[in-house]
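Written out below as structure tokens is the structure these notes cover.
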Amino acid sequence: MNIKVYGFLIISLTLFFTVSVVNAHGADLTEDTMIIANETNGITAKTIIDEAGLDIKVYKFVSEGDVEHQLEHAQTNPNKKILAISYQDSVNSYLSKHPELKKRVIVSEDDNASIIDNSKKLISIDVNTKDSTEFITPLVVGLVIGTIIGLVGGVLIMKRQR
């Protein structure tokens with residue numbers, strides 16, 4: 001009976017520690033480099049970007065909630081770069097709460113000169129500044145968890161052999 005309880009505990013702990021965090025936020029289907037626009041300035045922004053030959057997608061949003069949702073995606077996706085020509089108040093408010101996004105989110109006016117200048121700035125942002133510590137942390141955590149599970153499993157096997 002005790003072996004079944006210990007086995008259940010080991011399996012439960014193993015699953016608990018090995019299952020990654022589930023992000024119930026939803027899938028992000030937008031491009032990594034994008035412009036947040038609305039109904040009034042979306043077509044203008046698309047025309048300006050196409051004439052400049054820049055590889056940026058223009059998305060028309062209809063509510064501040066949708067914009068905040070997109071900014072939440074930017075928070076979890078380090079490759080996402082956003083130029084906001086609409087909903088500036090919402091974006092500035094979100095950036096004040098999450099200053100780590102200020103490097104990848106630009107707030108701009110919706111006139112032609114500002115859009116083209118800030119679009120060029122957006123493309124020039126380098127998001128590939130990964131350091132080597134991103135590999136070390138999961139490795140150490142995996143080794144610690146594996147050692148603990150191995151020790152507990154070894155103790156149970158040795159007790160069973162007696």
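Chain lettering (A, B, ...) mirrors the order of the structure tokens, residue numbering begins at 1 for each chain separately, and ligand numbering begins at 1 in order of display.
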Hey, could you make a per-residue contact list for range 54-90 of chain A against range 113-116 of chain A with 10 Å as the cut-off, showing the nearest pair of atoms and its distance in Å to one decimal, counting only C-alpha atoms, sorted by chain and number, as a tab-separated table?
residue	atom	partner	partner_atom	distance
A:Leu54	CA	A:Ile116	CA	9.3
A:Leu83	CA	A:Ile115	CA	8.5
A:Ala84	CA	A:Ile115	CA	9.3
A:Ile85	CA	A:Ile115	CA	7.5
Selection to disk with N, CA and C atoms, as an mmCIF file, in the first residue's frame:
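New file part_7.cif:
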data_model
loop_
_atom_site.group_PDB
_atom_site.id
_atom_site.type_symbol
_atom_site.label_atom_id
_atom_site.label_comp_id
_atom_site.auth_asym_id
_atom_site.auth_seq_id
_atom_site.Cartn_x
_atom_site.Cartn_y
_atom_site.Cartn_z
ATOM 1 N N LEU A 54 8.501 49.286 -46.930
ATOM 2 C CA LEU A 54 8.854 48.701 -45.638
ATOM 3 C C LEU A 54 8.004 47.464 -45.377
ATOM 4 N N LEU A 83 4.342 49.949 -33.647
ATOM 5 C CA LEU A 83 4.222 51.391 -33.813
ATOM 6 C C LEU A 83 2.754 51.732 -33.639
ATOM 7 N N ALA A 84 2.438 52.544 -32.647
ATOM 8 C CA ALA A 84 1.047 52.904 -32.366
ATOM 9 C C ALA A 84 0.770 54.302 -32.890
ATOM 10 N N ILE A 85 -0.065 54.390 -33.936
ATOM 11 C CA ILE A 85 -0.473 55.694 -34.448
ATOM 12 C C ILE A 85 -1.905 56.010 -34.022
#
For range 46-87 of chain A versus range 104-111 of chain A, which residues have an atom no more than 9 Å away, and what is each residue's nearest atom pair and distance in Å rounded to one decimal, using only C-alpha atoms, chain-then-number order, as a Markdown table?
| residue | atom | partner | partner_atom | distance |
| --- | --- | --- | --- | --- |
| A:Leu71 | CA | A:Val105 | CA | 8.7 |
| A:Ala74 | CA | A:Arg104 | CA | 8.5 |
| A:Pro78 | CA | A:Arg104 | CA | 8.5 |
| A:Asn79 | CA | A:Arg104 | CA | 8.5 |
| A:Lys80 | CA | A:Arg104 | CA | 7.1 |
| A:Lys81 | CA | A:Arg104 | CA | 4.8 |
| A:Ile82 | CA | A:Val105 | CA | 4.7 |
| A:Leu83 | CA | A:Ile106 | CA | 4.8 |
| A:Ala84 | CA | A:Val107 | CA | 4.8 |
| A:Ile85 | CA | A:Ser108 | CA | 5.0 |
| A:Ser86 | CA | A:Asp110 | CA | 7.3 |
For the residues in that selection, give me all heavy atoms as a PDB file, in the first residue's frame.
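File selection_33.pdb, as written:
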ATOM      1  N   LEU A  71      -0.812  44.453 -26.794  1.00  0.00           N
ATOM      2  CA  LEU A  71       0.354  44.829 -25.990  1.00  0.00           C
ATOM      3  C   LEU A  71       0.716  43.716 -25.005  1.00  0.00           C
ATOM      4  O   LEU A  71       1.895  43.518 -24.693  1.00  0.00           O
ATOM      5  CB  LEU A  71       0.102  46.145 -25.269  1.00  0.00           C
ATOM      6  CG  LEU A  71       0.017  47.369 -26.190  1.00  0.00           C
ATOM      7  CD1 LEU A  71      -0.478  48.582 -25.427  1.00  0.00           C
ATOM      8  CD2 LEU A  71       1.339  47.644 -26.853  1.00  0.00           C
ATOM      9  N   ALA A  74       2.738  41.425 -26.879  1.00  0.00           N
ATOM     10  CA  ALA A  74       4.087  41.971 -27.035  1.00  0.00           C
ATOM     11  C   ALA A  74       4.917  41.733 -25.784  1.00  0.00           C
ATOM     12  O   ALA A  74       6.136  41.576 -25.857  1.00  0.00           O
ATOM     13  CB  ALA A  74       4.023  43.465 -27.349  1.00  0.00           C
ATOM     14  N   PRO A  78       9.146  38.462 -27.217  1.00  0.00           N
ATOM     15  CA  PRO A  78      10.240  39.441 -27.267  1.00  0.00           C
ATOM     16  C   PRO A  78      10.606  39.899 -28.676  1.00  0.00           C
ATOM     17  O   PRO A  78      11.372  40.841 -28.826  1.00  0.00           O
ATOM     18  CB  PRO A  78      11.410  38.691 -26.620  1.00  0.00           C
ATOM     19  CG  PRO A  78      11.094  37.262 -26.812  1.00  0.00           C
ATOM     20  CD  PRO A  78       9.598  37.145 -26.793  1.00  0.00           C
ATOM     21  N   ASN A  79      10.036  39.277 -29.704  1.00  0.00           N
ATOM     22  CA  ASN A  79      10.325  39.682 -31.082  1.00  0.00           C
ATOM     23  C   ASN A  79       9.327  40.702 -31.619  1.00  0.00           C
ATOM     24  O   ASN A  79       9.508  41.222 -32.709  1.00  0.00           O
ATOM     25  CB  ASN A  79      10.327  38.461 -32.001  1.00  0.00           C
ATOM     26  CG  ASN A  79      11.439  37.512 -31.661  1.00  0.00           C
ATOM     27  OD1 ASN A  79      12.532  37.938 -31.307  1.00  0.00           O
ATOM     28  ND2 ASN A  79      11.170  36.237 -31.751  1.00  0.00           N
ATOM     29  N   LYS A  80       8.253  40.971 -30.893  1.00  0.00           N
ATOM     30  CA  LYS A  80       7.199  41.851 -31.382  1.00  0.00           C
ATOM     31  C   LYS A  80       7.612  43.306 -31.216  1.00  0.00           C
ATOM     32  O   LYS A  80       8.047  43.737 -30.164  1.00  0.00           O
ATOM     33  CB  LYS A  80       5.889  41.586 -30.651  1.00  0.00           C
ATOM     34  CG  LYS A  80       4.734  42.357 -31.271  1.00  0.00           C
ATOM     35  CD  LYS A  80       3.406  41.871 -30.772  1.00  0.00           C
ATOM     36  CE  LYS A  80       2.952  40.620 -31.423  1.00  0.00           C
ATOM     37  NZ  LYS A  80       2.686  40.695 -32.850  1.00  0.00           N
ATOM     38  N   LYS A  81       7.471  44.067 -32.338  1.00  0.00           N
ATOM     39  CA  LYS A  81       7.743  45.507 -32.358  1.00  0.00           C
ATOM     40  C   LYS A  81       6.487  46.197 -32.863  1.00  0.00           C
ATOM     41  O   LYS A  81       5.908  45.778 -33.866  1.00  0.00           O
ATOM     42  CB  LYS A  81       8.924  45.819 -33.274  1.00  0.00           C
ATOM     43  CG  LYS A  81      10.201  45.108 -32.892  1.00  0.00           C
ATOM     44  CD  LYS A  81      11.346  45.439 -33.818  1.00  0.00           C
ATOM     45  CE  LYS A  81      11.180  44.771 -35.152  1.00  0.00           C
ATOM     46  NZ  LYS A  81      12.322  44.928 -36.059  1.00  0.00           N
ATOM     47  N   ILE A  82       6.071  47.261 -32.167  1.00  0.00           N
ATOM     48  CA  ILE A  82       4.792  47.904 -32.478  1.00  0.00           C
ATOM     49  C   ILE A  82       4.976  49.407 -32.614  1.00  0.00           C
ATOM     50  O   ILE A  82       5.651  50.039 -31.803  1.00  0.00           O
ATOM     51  CB  ILE A  82       3.752  47.610 -31.369  1.00  0.00           C
ATOM     52  CG1 ILE A  82       3.480  46.103 -31.286  1.00  0.00           C
ATOM     53  CG2 ILE A  82       2.467  48.382 -31.604  1.00  0.00           C
ATOM     54  CD1 ILE A  82       2.572  45.707 -30.148  1.00  0.00           C
ATOM     55  N   LEU A  83       4.342  49.949 -33.647  1.00  0.00           N
ATOM     56  CA  LEU A  83       4.222  51.391 -33.813  1.00  0.00           C
ATOM     57  C   LEU A  83       2.754  51.732 -33.639  1.00  0.00           C
ATOM     58  O   LEU A  83       1.911  51.227 -34.377  1.00  0.00           O
ATOM     59  CB  LEU A  83       4.712  51.826 -35.199  1.00  0.00           C
ATOM     60  CG  LEU A  83       4.492  53.287 -35.572  1.00  0.00           C
ATOM     61  CD1 LEU A  83       5.278  54.202 -34.641  1.00  0.00           C
ATOM     62  CD2 LEU A  83       4.870  53.533 -37.014  1.00  0.00           C
ATOM     63  N   ALA A  84       2.438  52.544 -32.647  1.00  0.00           N
ATOM     64  CA  ALA A  84       1.047  52.904 -32.366  1.00  0.00           C
ATOM     65  C   ALA A  84       0.770  54.302 -32.890  1.00  0.00           C
ATOM     66  O   ALA A  84       1.295  55.290 -32.379  1.00  0.00           O
ATOM     67  CB  ALA A  84       0.779  52.839 -30.870  1.00  0.00           C
ATOM     68  N   ILE A  85      -0.065  54.390 -33.936  1.00  0.00           N
ATOM     69  CA  ILE A  85      -0.473  55.694 -34.448  1.00  0.00           C
ATOM     70  C   ILE A  85      -1.905  56.010 -34.022  1.00  0.00           C
ATOM     71  O   ILE A  85      -2.390  57.104 -34.291  1.00  0.00           O
ATOM     72  CB  ILE A  85      -0.322  55.773 -35.978  1.00  0.00           C
ATOM     73  CG1 ILE A  85      -1.191  54.751 -36.675  1.00  0.00           C
ATOM     74  CG2 ILE A  85       1.128  55.623 -36.378  1.00  0.00           C
ATOM     75  CD1 ILE A  85      -1.242  54.914 -38.186  1.00  0.00           C
ATOM     76  N   SER A  86      -2.550  55.074 -33.381  1.00  0.00           N
ATOM     77  CA  SER A  86      -3.886  55.262 -32.817  1.00  0.00           C
ATOM     78  C   SER A  86      -3.877  54.752 -31.386  1.00  0.00           C
ATOM     79  O   SER A  86      -2.996  53.988 -30.997  1.00  0.00           O
ATOM     80  CB  SER A  86      -4.933  54.487 -33.615  1.00  0.00           C
ATOM     81  OG  SER A  86      -5.003  54.962 -34.930  1.00  0.00           O
TER      82      SER A  86
END
Using only C-alpha atoms, which residues of range 8-91 of chain A come within 12 Å of range 147-157 of chain A, and what is the closest atom pair for each, with the distance in Å to one decimal? Give it as JSON lines, sorted by chain and residue number.
{"residue": "A:Phe8", "atom": "CA", "partner": "A:Gly153", "partner_atom": "CA", "distance": 11.7}
{"residue": "A:Leu9", "atom": "CA", "partner": "A:Val152", "partner_atom": "CA", "distance": 10.4}
{"residue": "A:Ile10", "atom": "CA", "partner": "A:Ile149", "partner_atom": "CA", "distance": 7.4}
{"residue": "A:Ile11", "atom": "CA", "partner": "A:Ile149", "partner_atom": "CA", "distance": 9.4}
{"residue": "A:Ser12", "atom": "CA", "partner": "A:Ile149", "partner_atom": "CA", "distance": 11.2}
{"residue": "A:Leu13", "atom": "CA", "partner": "A:Ile149", "partner_atom": "CA", "distance": 8.6}
{"residue": "A:Thr14", "atom": "CA", "partner": "A:Ile149", "partner_atom": "CA", "distance": 7.3}
{"residue": "A:Leu15", "atom": "CA", "partner": "A:Ile149", "partner_atom": "CA", "distance": 11.0}
{"residue": "A:Phe16", "atom": "CA", "partner": "A:Ile149", "partner_atom": "CA", "distance": 11.9}
{"residue": "A:Phe17", "atom": "CA", "partner": "A:Ile149", "partner_atom": "CA", "distance": 10.1}
{"residue": "A:Thr18", "atom": "CA", "partner": "A:Ile149", "partner_atom": "CA", "distance": 11.0}
From the set A:Asn92, A:Thr76, A:Ser119, A:Thr30, which residue has the shortest atom-to-atom contact distance to Tyr59 in chain A, counting only C-alpha atoms?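 Distance minimum relative to Tyr59 in chain A lands on A:Thr30.
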Of the residues A:Glu68, A:Ile3, A:Asn128, A:Met34, which is the one nearest to Asp89 in chain A, using only C-alpha atoms? A:Glu68
Quick one: DSSP alpha helix (DSSP H) residues in chain A, as number ranges by chain? A: 2-18, 42-52, 64-76, 88-97, 112-124, 133-161
Please return as a ChimeraX atom specification: the residues of range 29-155 of chain A that backbone DSSP assigns to strand (DSSP E). /A:33-37,57-60,81-84,105-107
